[in-house]
Amino acid sequence: MQQTKNKKTPQLKFLAIVAIATSVILVFTVAPWNILPVSVTEDVSVIAVTDYGCVGESSLGRSVVVSNCDASVGDIVSATFNIPAGETNGYLEELDKRQNPMVDAWDSSVSGKGFSP
């Protein structure tokens with residue numbers, strides 16, 4: 001008489017395949033290379049002088065603190081700072097265009113609430 005064995009599904013192997021597939025999908029959709037910081041050096045305009053150094057505003061709209069700075073307000077100093085790569089390579093703008101295809105330059109510059117007369 002033959003005995004039949006109940007074969008269990010290879011659950012561990014299935015979970016491993018799902019985990020690998022999920023990680024591959026996340027790598028190509030989230031694009032972590034756009035989140036990682038990059039070092040940027042540029043000339044910034046000093047907007048304040050504090051005990052820690054000069055506070056400047058970059059062309060990217062970031063406030064940057066430059067230590068050991070003896071400049072005054074309005075001067076231009078060189079600053080090195082870290083910023084997410086997505087802000088410098090155009091990834092965020094492209095993502096915004098794809099998520100909001102009907103928003104043009106005029107729509108994005110309108111502010112306020114309610115209806116205009």
# chains A, B, ... in the order shown; residues from 1 in each chain; ligands from 1
>>> residues_around(residues="Val44 (chain A)", least_positions_apart="4", cutoff="6 Å", atoms="only C-alpha atoms", output="list in words")
Gly56, Glu57, Ser58, Ile76 and Val77 of chain A
>>> select_by_dssp(residues="region 40-112 of chain A", states="alpha helix (DSSP H)", output="count of residues only")
18
>>> residues_around(residues="Cys54 (chain A)", least_positions_apart="4", cutoff="10 Å", atoms="only C-alpha atoms", output="ChimeraX atom specification")
/A:45-50,64-73,75,77,79
>>> select_by_dssp(residues="region 8-52 of chain A", states="strand (DSSP E or B)", output="VMD selection string")
chain A and resid 37 to 49
>>> atom_distance(atom1="CA of Val40 (chain A)", atom2="CA of Ile83 (chain A)")
7.1 Å
>>> atom_distance(atom1="CA of Leu95 (chain A)", atom2="CA of Ile20 (chain A)")
25.5 Å
>>> residues_around(residues="Ala85 (chain A)", least_positions_apart="3", cutoff="10 Å", atoms="only C-alpha atoms", output="PDB file with C-alpha atoms, in the first residue's frame")
ATOM      1  CA  PRO A  32      16.417  56.717  -3.664  1.00  0.00           C
ATOM      2  CA  TRP A  33      19.200  58.429  -5.590  1.00  0.00           C
ATOM      3  CA  ASN A  34      16.895  61.469  -5.723  1.00  0.00           C
ATOM      4  CA  ILE A  35      16.538  61.488  -1.938  1.00  0.00           C
ATOM      5  CA  LEU A  36      20.210  61.134  -1.044  1.00  0.00           C
ATOM      6  CA  PRO A  37      21.971  64.433  -0.326  1.00  0.00           C
ATOM      7  CA  VAL A  38      24.546  65.968  -2.614  1.00  0.00           C
ATOM      8  CA  SER A  39      27.071  68.617  -1.684  1.00  0.00           C
ATOM      9  CA  VAL A  40      26.508  71.981  -3.384  1.00  0.00           C
ATOM     10  CA  ASN A  82      23.940  69.449   1.436  1.00  0.00           C
ATOM     11  CA  THR A  88      19.010  69.913  -8.097  1.00  0.00           C
ATOM     12  CA  ASN A  89      18.463  67.443 -10.942  1.00  0.00           C
ATOM     13  CA  GLY A  90      14.890  68.394 -11.858  1.00  0.00           C
ATOM     14  CA  TYR A  91      13.304  65.176 -10.563  1.00  0.00           C
ATOM     15  CA  LEU A  92      10.813  66.941  -8.283  1.00  0.00           C
TER      16      LEU A  92
END
>>> atom_distance(atom1="CA of Glu87 (chain A)", atom2="CA of Ala21 (chain A)")
28.3 Å
>>> closest_residue(among="A:Asn100, A:Ser63, A:Thr29, A:Thr41", to="Phe81 (chain A)", atoms="only C-alpha atoms")
A:Thr41
